>>> print(open('final_0.txt').read())   # compact mmCIF, N, CA and C atoms
# COMPACT_ATOMS: atom_id res chain seq x y z
N MET A 23 -10.49 0.88 -5.67
CA MET A 23 -10.89 0.01 -4.59
C MET A 23 -11.92 0.76 -3.74
N SER A 24 -13.02 0.11 -3.44
CA SER A 24 -14.08 0.76 -2.66
C SER A 24 -13.73 0.79 -1.18
N ARG A 25 -14.44 1.62 -0.44
CA ARG A 25 -14.23 1.69 1.01
C ARG A 25 -14.54 0.36 1.68
N GLU A 26 -15.54 -0.34 1.16
CA GLU A 26 -15.91 -1.64 1.72
C GLU A 26 -14.80 -2.66 1.52
N GLU A 27 -14.21 -2.66 0.33
CA GLU A 27 -13.09 -3.57 0.05
C GLU A 27 -11.90 -3.24 0.95
N LEU A 28 -11.63 -1.96 1.12
CA LEU A 28 -10.53 -1.53 1.96
C LEU A 28 -10.76 -1.92 3.42
N ALA A 29 -11.98 -1.76 3.90
CA ALA A 29 -12.32 -2.11 5.28
C ALA A 29 -12.24 -3.62 5.52
N ALA A 30 -12.44 -4.42 4.49
CA ALA A 30 -12.44 -5.87 4.63
C ALA A 30 -11.05 -6.49 4.56
N LEU A 31 -10.02 -5.68 4.32
CA LEU A 31 -8.66 -6.23 4.22
C LEU A 31 -8.17 -6.74 5.57
N PRO A 32 -7.32 -7.77 5.56
CA PRO A 32 -6.73 -8.27 6.81
C PRO A 32 -5.70 -7.26 7.36
N THR A 33 -5.08 -7.59 8.47
CA THR A 33 -4.12 -6.70 9.14
C THR A 33 -3.00 -6.26 8.22
N THR A 34 -2.51 -7.18 7.41
CA THR A 34 -1.52 -6.84 6.38
C THR A 34 -2.07 -7.31 5.04
N THR A 35 -1.59 -6.68 3.99
CA THR A 35 -2.04 -7.04 2.65
C THR A 35 -0.84 -7.09 1.71
N THR A 36 -1.06 -7.59 0.53
CA THR A 36 0.03 -7.66 -0.43
C THR A 36 0.33 -6.27 -0.99
N ILE A 37 1.51 -6.13 -1.49
CA ILE A 37 1.89 -4.84 -2.08
C ILE A 37 1.08 -4.57 -3.35
N GLU A 38 0.67 -5.63 -4.05
CA GLU A 38 -0.15 -5.45 -5.24
C GLU A 38 -1.52 -4.85 -4.89
N THR A 39 -2.12 -5.32 -3.80
CA THR A 39 -3.41 -4.80 -3.36
C THR A 39 -3.27 -3.35 -2.93
N ALA A 40 -2.22 -3.05 -2.16
CA ALA A 40 -1.98 -1.68 -1.72
C ALA A 40 -1.73 -0.76 -2.91
N ALA A 41 -0.98 -1.24 -3.87
CA ALA A 41 -0.71 -0.45 -5.07
C ALA A 41 -2.00 -0.13 -5.81
N ARG A 42 -2.87 -1.11 -5.93
CA ARG A 42 -4.15 -0.90 -6.61
C ARG A 42 -4.97 0.16 -5.88
N ALA A 43 -4.99 0.10 -4.54
CA ALA A 43 -5.73 1.08 -3.74
C ALA A 43 -5.16 2.49 -3.92
N LEU A 44 -3.84 2.58 -4.10
CA LEU A 44 -3.17 3.87 -4.25
C LEU A 44 -3.11 4.35 -5.70
N GLY A 45 -3.53 3.50 -6.63
CA GLY A 45 -3.50 3.89 -8.03
C GLY A 45 -2.12 3.76 -8.65
N LEU A 46 -1.31 2.85 -8.10
CA LEU A 46 0.05 2.61 -8.62
C LEU A 46 0.07 1.31 -9.40
N GLY A 47 0.98 1.21 -10.33
CA GLY A 47 1.21 -0.04 -11.03
C GLY A 47 2.07 -0.97 -10.21
N ARG A 48 2.03 -2.24 -10.53
CA ARG A 48 2.79 -3.26 -9.79
C ARG A 48 4.29 -2.99 -9.82
N THR A 49 4.83 -2.71 -10.99
CA THR A 49 6.27 -2.48 -11.14
C THR A 49 6.71 -1.27 -10.33
N ARG A 50 5.95 -0.19 -10.42
CA ARG A 50 6.28 1.04 -9.68
C ARG A 50 6.20 0.79 -8.17
N ALA A 51 5.21 0.02 -7.72
CA ALA A 51 5.05 -0.28 -6.30
C ALA A 51 6.27 -1.03 -5.76
N TYR A 52 6.72 -2.04 -6.50
CA TYR A 52 7.90 -2.79 -6.05
C TYR A 52 9.15 -1.91 -6.09
N GLN A 53 9.25 -1.06 -7.08
CA GLN A 53 10.39 -0.15 -7.16
C GLN A 53 10.42 0.77 -5.94
N LEU A 54 9.29 1.36 -5.60
CA LEU A 54 9.22 2.24 -4.44
C LEU A 54 9.53 1.48 -3.14
N ALA A 55 9.03 0.26 -3.03
CA ALA A 55 9.30 -0.54 -1.82
C ALA A 55 10.79 -0.85 -1.70
N ARG A 56 11.43 -1.22 -2.80
CA ARG A 56 12.87 -1.51 -2.77
C ARG A 56 13.68 -0.28 -2.37
N GLU A 57 13.20 0.90 -2.76
CA GLU A 57 13.90 2.16 -2.47
C GLU A 57 13.45 2.78 -1.14
N ASN A 58 12.62 2.04 -0.37
CA ASN A 58 12.07 2.54 0.90
C ASN A 58 11.31 3.84 0.71
N ARG A 59 10.59 3.97 -0.42
CA ARG A 59 9.84 5.19 -0.72
C ARG A 59 8.35 4.93 -0.91
N PHE A 60 7.89 3.71 -0.60
CA PHE A 60 6.47 3.40 -0.72
C PHE A 60 5.71 4.29 0.26
N PRO A 61 4.54 4.82 -0.12
CA PRO A 61 3.87 5.82 0.71
C PRO A 61 3.34 5.34 2.07
N CYS A 62 3.41 4.04 2.34
CA CYS A 62 3.02 3.56 3.66
C CYS A 62 3.95 2.43 4.10
N LYS A 63 3.79 1.98 5.33
CA LYS A 63 4.69 1.01 5.94
C LYS A 63 4.68 -0.32 5.17
N VAL A 64 5.89 -0.78 4.80
CA VAL A 64 6.06 -2.05 4.09
C VAL A 64 6.96 -2.94 4.93
N ILE A 65 6.57 -4.19 5.07
CA ILE A 65 7.38 -5.18 5.78
C ILE A 65 7.88 -6.18 4.74
N ARG A 66 9.18 -6.42 4.74
CA ARG A 66 9.74 -7.40 3.81
C ARG A 66 10.02 -8.68 4.57
N ILE A 67 9.46 -9.78 4.08
CA ILE A 67 9.66 -11.09 4.65
C ILE A 67 10.24 -11.96 3.55
N GLY A 68 11.55 -12.14 3.57
CA GLY A 68 12.21 -12.86 2.49
C GLY A 68 12.06 -12.06 1.20
N THR A 69 11.41 -12.63 0.22
CA THR A 69 11.20 -11.93 -1.04
C THR A 69 9.79 -11.35 -1.16
N THR A 70 9.01 -11.48 -0.07
CA THR A 70 7.62 -11.03 -0.06
C THR A 70 7.52 -9.67 0.62
N TYR A 71 6.73 -8.79 0.04
CA TYR A 71 6.46 -7.49 0.63
C TYR A 71 5.02 -7.47 1.13
N ARG A 72 4.82 -7.05 2.39
CA ARG A 72 3.48 -6.91 2.96
C ARG A 72 3.30 -5.47 3.41
N VAL A 73 2.09 -4.97 3.30
CA VAL A 73 1.78 -3.59 3.68
C VAL A 73 0.83 -3.62 4.87
N ILE A 74 1.11 -2.76 5.86
CA ILE A 74 0.25 -2.65 7.03
C ILE A 74 -1.05 -1.96 6.60
N THR A 75 -2.16 -2.65 6.74
CA THR A 75 -3.44 -2.14 6.26
C THR A 75 -3.84 -0.84 6.96
N ALA A 76 -3.62 -0.73 8.26
CA ALA A 76 -3.98 0.49 8.98
C ALA A 76 -3.21 1.70 8.43
N ASP A 77 -1.94 1.49 8.09
CA ASP A 77 -1.16 2.58 7.52
C ASP A 77 -1.65 2.93 6.12
N LEU A 78 -2.03 1.92 5.35
CA LEU A 78 -2.61 2.16 4.02
C LEU A 78 -3.89 2.99 4.15
N GLN A 79 -4.74 2.63 5.10
CA GLN A 79 -5.99 3.37 5.29
C GLN A 79 -5.71 4.82 5.71
N ARG A 80 -4.72 5.02 6.59
CA ARG A 80 -4.35 6.38 7.00
C ARG A 80 -3.84 7.19 5.81
N THR A 81 -3.01 6.57 4.98
CA THR A 81 -2.48 7.24 3.81
C THR A 81 -3.60 7.65 2.86
N LEU A 82 -4.54 6.76 2.64
CA LEU A 82 -5.65 7.08 1.75
C LEU A 82 -6.55 8.15 2.36
N ALA A 83 -6.76 8.14 3.66
CA ALA A 83 -7.57 9.15 4.32
C ALA A 83 -6.91 10.52 4.22
N THR A 84 -5.60 10.58 4.38
CA THR A 84 -4.86 11.83 4.28
C THR A 84 -4.94 12.38 2.86
N ASP A 85 -4.78 11.50 1.87
CA ASP A 85 -4.85 11.92 0.48
C ASP A 85 -6.23 12.47 0.13
N SER A 86 -7.29 11.84 0.62
CA SER A 86 -8.63 12.30 0.28
C SER A 86 -8.94 13.64 0.94
N LYS A 87 -8.39 13.89 2.14
CA LYS A 87 -8.59 15.18 2.79
C LYS A 87 -7.87 16.28 2.03
N THR A 88 -6.70 15.95 1.49
CA THR A 88 -5.91 16.92 0.74
C THR A 88 -6.63 17.30 -0.55
N CYS A 89 -7.29 16.35 -1.17
CA CYS A 89 -7.95 16.60 -2.46
C CYS A 89 -9.22 17.41 -2.33
N ILE A 90 -9.83 17.42 -1.17
CA ILE A 90 -11.12 18.12 -1.00
C ILE A 90 -10.93 19.61 -0.88
>>> encode(input="final_0.txt", output="structure tokens")
Amino acid sequence: MSREELAALPTTTTIETAARALGLGRTRAYQLARENRFPCKVIRIGTTYRVITADLQRTLATDSKTCI
């Protein structure tokens, strides 16, 4: 996912979009969310999982600093 795509996301996004940005598969993302181990803030609304975009961006920024 490009920086432009990430910047254009709404306040919350789907777990599938967040997983794609983090390089995770869909199944693994849902597994981590169910186990409260997803790398950023997840909100569960009924059977739907939403990810806070600002937290996703912080997580990605931290990861990129670590890799440099």
>>> residues_near_point(input="final_0.txt", point="(-4.1, -7.1, 6.9)", cutoff="8 Å", atoms="only N, CA and C atoms", output="short mmCIF file (atom, residue, chain, number, x, y, z; two decimals) with N, CA and C atoms, in the frame of the given file")
data_model
loop_
_atom_site.label_atom_id
_atom_site.label_comp_id
_atom_site.auth_asym_id
_atom_site.auth_seq_id
_atom_site.Cartn_x
_atom_site.Cartn_y
_atom_site.Cartn_z
N ALA A 30 -12.44 -4.42 4.49
CA ALA A 30 -12.44 -5.87 4.63
C ALA A 30 -11.05 -6.49 4.56
N LEU A 31 -10.02 -5.68 4.32
CA LEU A 31 -8.66 -6.23 4.22
C LEU A 31 -8.17 -6.74 5.57
N PRO A 32 -7.32 -7.77 5.56
CA PRO A 32 -6.73 -8.27 6.81
C PRO A 32 -5.70 -7.26 7.36
N THR A 33 -5.08 -7.59 8.47
CA THR A 33 -4.12 -6.70 9.14
C THR A 33 -3.00 -6.26 8.22
N THR A 34 -2.51 -7.18 7.41
CA THR A 34 -1.52 -6.84 6.38
C THR A 34 -2.07 -7.31 5.04
N THR A 35 -1.59 -6.68 3.99
CA THR A 35 -2.04 -7.04 2.65
C THR A 35 -0.84 -7.09 1.71
N THR A 36 -1.06 -7.59 0.53
CA THR A 36 0.03 -7.66 -0.43
C THR A 36 0.33 -6.27 -0.99
N VAL A 73 2.09 -4.97 3.30
CA VAL A 73 1.78 -3.59 3.68
C VAL A 73 0.83 -3.62 4.87
N ILE A 74 1.11 -2.76 5.86
CA ILE A 74 0.25 -2.65 7.03
C ILE A 74 -1.05 -1.96 6.60
N THR A 75 -2.16 -2.65 6.74
CA THR A 75 -3.44 -2.14 6.26
C THR A 75 -3.84 -0.84 6.96
N ALA A 76 -3.62 -0.73 8.26
CA ALA A 76 -3.98 0.49 8.98
C ALA A 76 -3.21 1.70 8.43
#
>>> atom_distance(input="final_0.txt", atom1="CA of Ala83 (chain A)", atom2="CA of Met23 (chain A)")
13.2 Å
>>> atom_distance(input="final_0.txt", atom1="CA of Arg50 (chain A)", atom2="CA of Glu26 (chain A)")
25.1 Å
>>> closest_residue(input="final_0.txt", among="A:Thr69, A:Arg25, A:Glu57, A:Ala51", to="Glu38 (chain A)", atoms="only C-alpha atoms")
A:Ala51
>>> select_by_dssp(input="final_0.txt", residues="chain A", states="strand (DSSP E)", output="PyMOL selection string")
chain A and resi 34-36+64-67+70-74
>>> select_by_dssp(input="final_0.txt", residues="region 24-71 of chain A", states="helix (DSSP H, G or I)", output="list in words")
Arg25, Glu26, Glu27, Leu28, Ala29, Ile37, Glu38, Thr39, Ala40, Ala41, Arg42, Ala43, Leu44, Arg48, Thr49, Arg50, Ala51, Tyr52, Gln53, Leu54, Ala55 and Arg56 of chain A
>>> atom_distance(input="final_0.txt", atom1="CA of Gln53 (chain A)", atom2="CA of Asp77 (chain A)")
18.9 Å
>>> closest_residue(input="final_0.txt", among="A:Thr49, A:Thr39, A:Leu78, A:Leu28", to="Pro61 (chain A)", atoms="only N, CA and C atoms")
A:Leu78
>>> closest_residue(input="final_0.txt", among="A:Ala43, A:Gln79, A:Ala29, A:Tyr71", to="Ala55 (chain A)", atoms="all atoms listed in the file")
A:Tyr71
>>> decode(input="final_0.txt", residues="region 55-72 of chain A", atoms="N, CA, C and O atoms", output="mmCIF file, in the first residue's frame")
data_model
loop_
_atom_site.group_PDB
_atom_site.id
_atom_site.type_symbol
_atom_site.label_atom_id
_atom_site.label_comp_id
_atom_site.auth_asym_id
_atom_site.auth_seq_id
_atom_site.Cartn_x
_atom_site.Cartn_y
_atom_site.Cartn_z
ATOM 1 N N ALA A 55 -6.708 -10.505 15.619
ATOM 2 C CA ALA A 55 -7.735 -9.638 16.206
ATOM 3 C C ALA A 55 -8.544 -10.393 17.260
ATOM 4 O O ALA A 55 -8.822 -9.860 18.342
ATOM 5 N N ARG A 56 -8.917 -11.633 16.963
ATOM 6 C CA ARG A 56 -9.677 -12.435 17.935
ATOM 7 C C ARG A 56 -8.873 -12.677 19.212
ATOM 8 O O ARG A 56 -9.430 -12.735 20.305
ATOM 9 N N GLU A 57 -7.550 -12.797 19.069
ATOM 10 C CA GLU A 57 -6.669 -13.056 20.211
ATOM 11 C C GLU A 57 -6.160 -11.770 20.863
ATOM 12 O O GLU A 57 -5.308 -11.814 21.744
ATOM 13 N N ASN A 58 -6.693 -10.612 20.425
ATOM 14 C CA ASN A 58 -6.255 -9.296 20.923
ATOM 15 C C ASN A 58 -4.757 -9.095 20.735
ATOM 16 O O ASN A 58 -4.090 -8.500 21.570
ATOM 17 N N ARG A 59 -4.211 -9.583 19.612
ATOM 18 C CA ARG A 59 -2.781 -9.476 19.336
ATOM 19 C C ARG A 59 -2.491 -8.727 18.041
ATOM 20 O O ARG A 59 -1.352 -8.684 17.595
ATOM 21 N N PHE A 60 -3.518 -8.125 17.432
ATOM 22 C CA PHE A 60 -3.310 -7.360 16.204
ATOM 23 C C PHE A 60 -2.391 -6.184 16.529
ATOM 24 O O PHE A 60 -2.508 -5.585 17.600
ATOM 25 N N PRO A 61 -1.444 -5.839 15.655
ATOM 26 C CA PRO A 61 -0.429 -4.841 15.997
ATOM 27 C C PRO A 61 -0.924 -3.408 16.209
ATOM 28 O O PRO A 61 -0.163 -2.556 16.610
ATOM 29 N N CYS A 62 -2.190 -3.133 15.936
ATOM 30 C CA CYS A 62 -2.729 -1.806 16.225
ATOM 31 C C CYS A 62 -4.161 -1.929 16.750
ATOM 32 O O CYS A 62 -4.724 -3.011 16.785
ATOM 33 N N LYS A 63 -4.721 -0.811 17.164
ATOM 34 C CA LYS A 63 -6.029 -0.778 17.817
ATOM 35 C C LYS A 63 -7.128 -1.302 16.889
ATOM 36 O O LYS A 63 -7.271 -0.849 15.763
ATOM 37 N N VAL A 64 -7.898 -2.277 17.396
ATOM 38 C CA VAL A 64 -9.021 -2.864 16.651
ATOM 39 C C VAL A 64 -10.287 -2.659 17.463
ATOM 40 O O VAL A 64 -10.305 -2.886 18.671
ATOM 41 N N ILE A 65 -11.342 -2.222 16.799
ATOM 42 C CA ILE A 65 -12.646 -2.066 17.433
ATOM 43 C C ILE A 65 -13.564 -3.123 16.845
ATOM 44 O O ILE A 65 -13.668 -3.249 15.624
ATOM 45 N N ARG A 66 -14.230 -3.866 17.709
ATOM 46 C CA ARG A 66 -15.168 -4.879 17.229
ATOM 47 C C ARG A 66 -16.579 -4.343 17.400
ATOM 48 O O ARG A 66 -16.982 -3.955 18.491
ATOM 49 N N ILE A 67 -17.323 -4.334 16.304
ATOM 50 C CA ILE A 67 -18.707 -3.898 16.298
ATOM 51 C C ILE A 67 -19.526 -5.064 15.771
ATOM 52 O O ILE A 67 -19.559 -5.313 14.568
ATOM 53 N N GLY A 68 -20.135 -5.804 16.681
ATOM 54 C CA GLY A 68 -20.841 -7.017 16.289
ATOM 55 C C GLY A 68 -19.841 -8.021 15.741
ATOM 56 O O GLY A 68 -18.921 -8.420 16.433
ATOM 57 N N THR A 69 -19.992 -8.388 14.489
ATOM 58 C CA THR A 69 -19.063 -9.325 13.869
ATOM 59 C C THR A 69 -18.037 -8.624 12.980
ATOM 60 O O THR A 69 -17.243 -9.275 12.322
ATOM 61 N N THR A 70 -18.077 -7.286 12.983
ATOM 62 C CA THR A 70 -17.187 -6.495 12.134
ATOM 63 C C THR A 70 -16.003 -5.980 12.948
ATOM 64 O O THR A 70 -16.162 -5.544 14.075
ATOM 65 N N TYR A 71 -14.829 -6.041 12.359
ATOM 66 C CA TYR A 71 -13.627 -5.496 12.975
ATOM 67 C C TYR A 71 -13.212 -4.246 12.203
ATOM 68 O O TYR A 71 -13.125 -4.276 10.987
ATOM 69 N N ARG A 72 -12.960 -3.146 12.931
ATOM 70 C CA ARG A 72 -12.478 -1.907 12.327
ATOM 71 C C ARG A 72 -11.151 -1.540 12.980
ATOM 72 O O ARG A 72 -10.950 -1.790 14.160
#
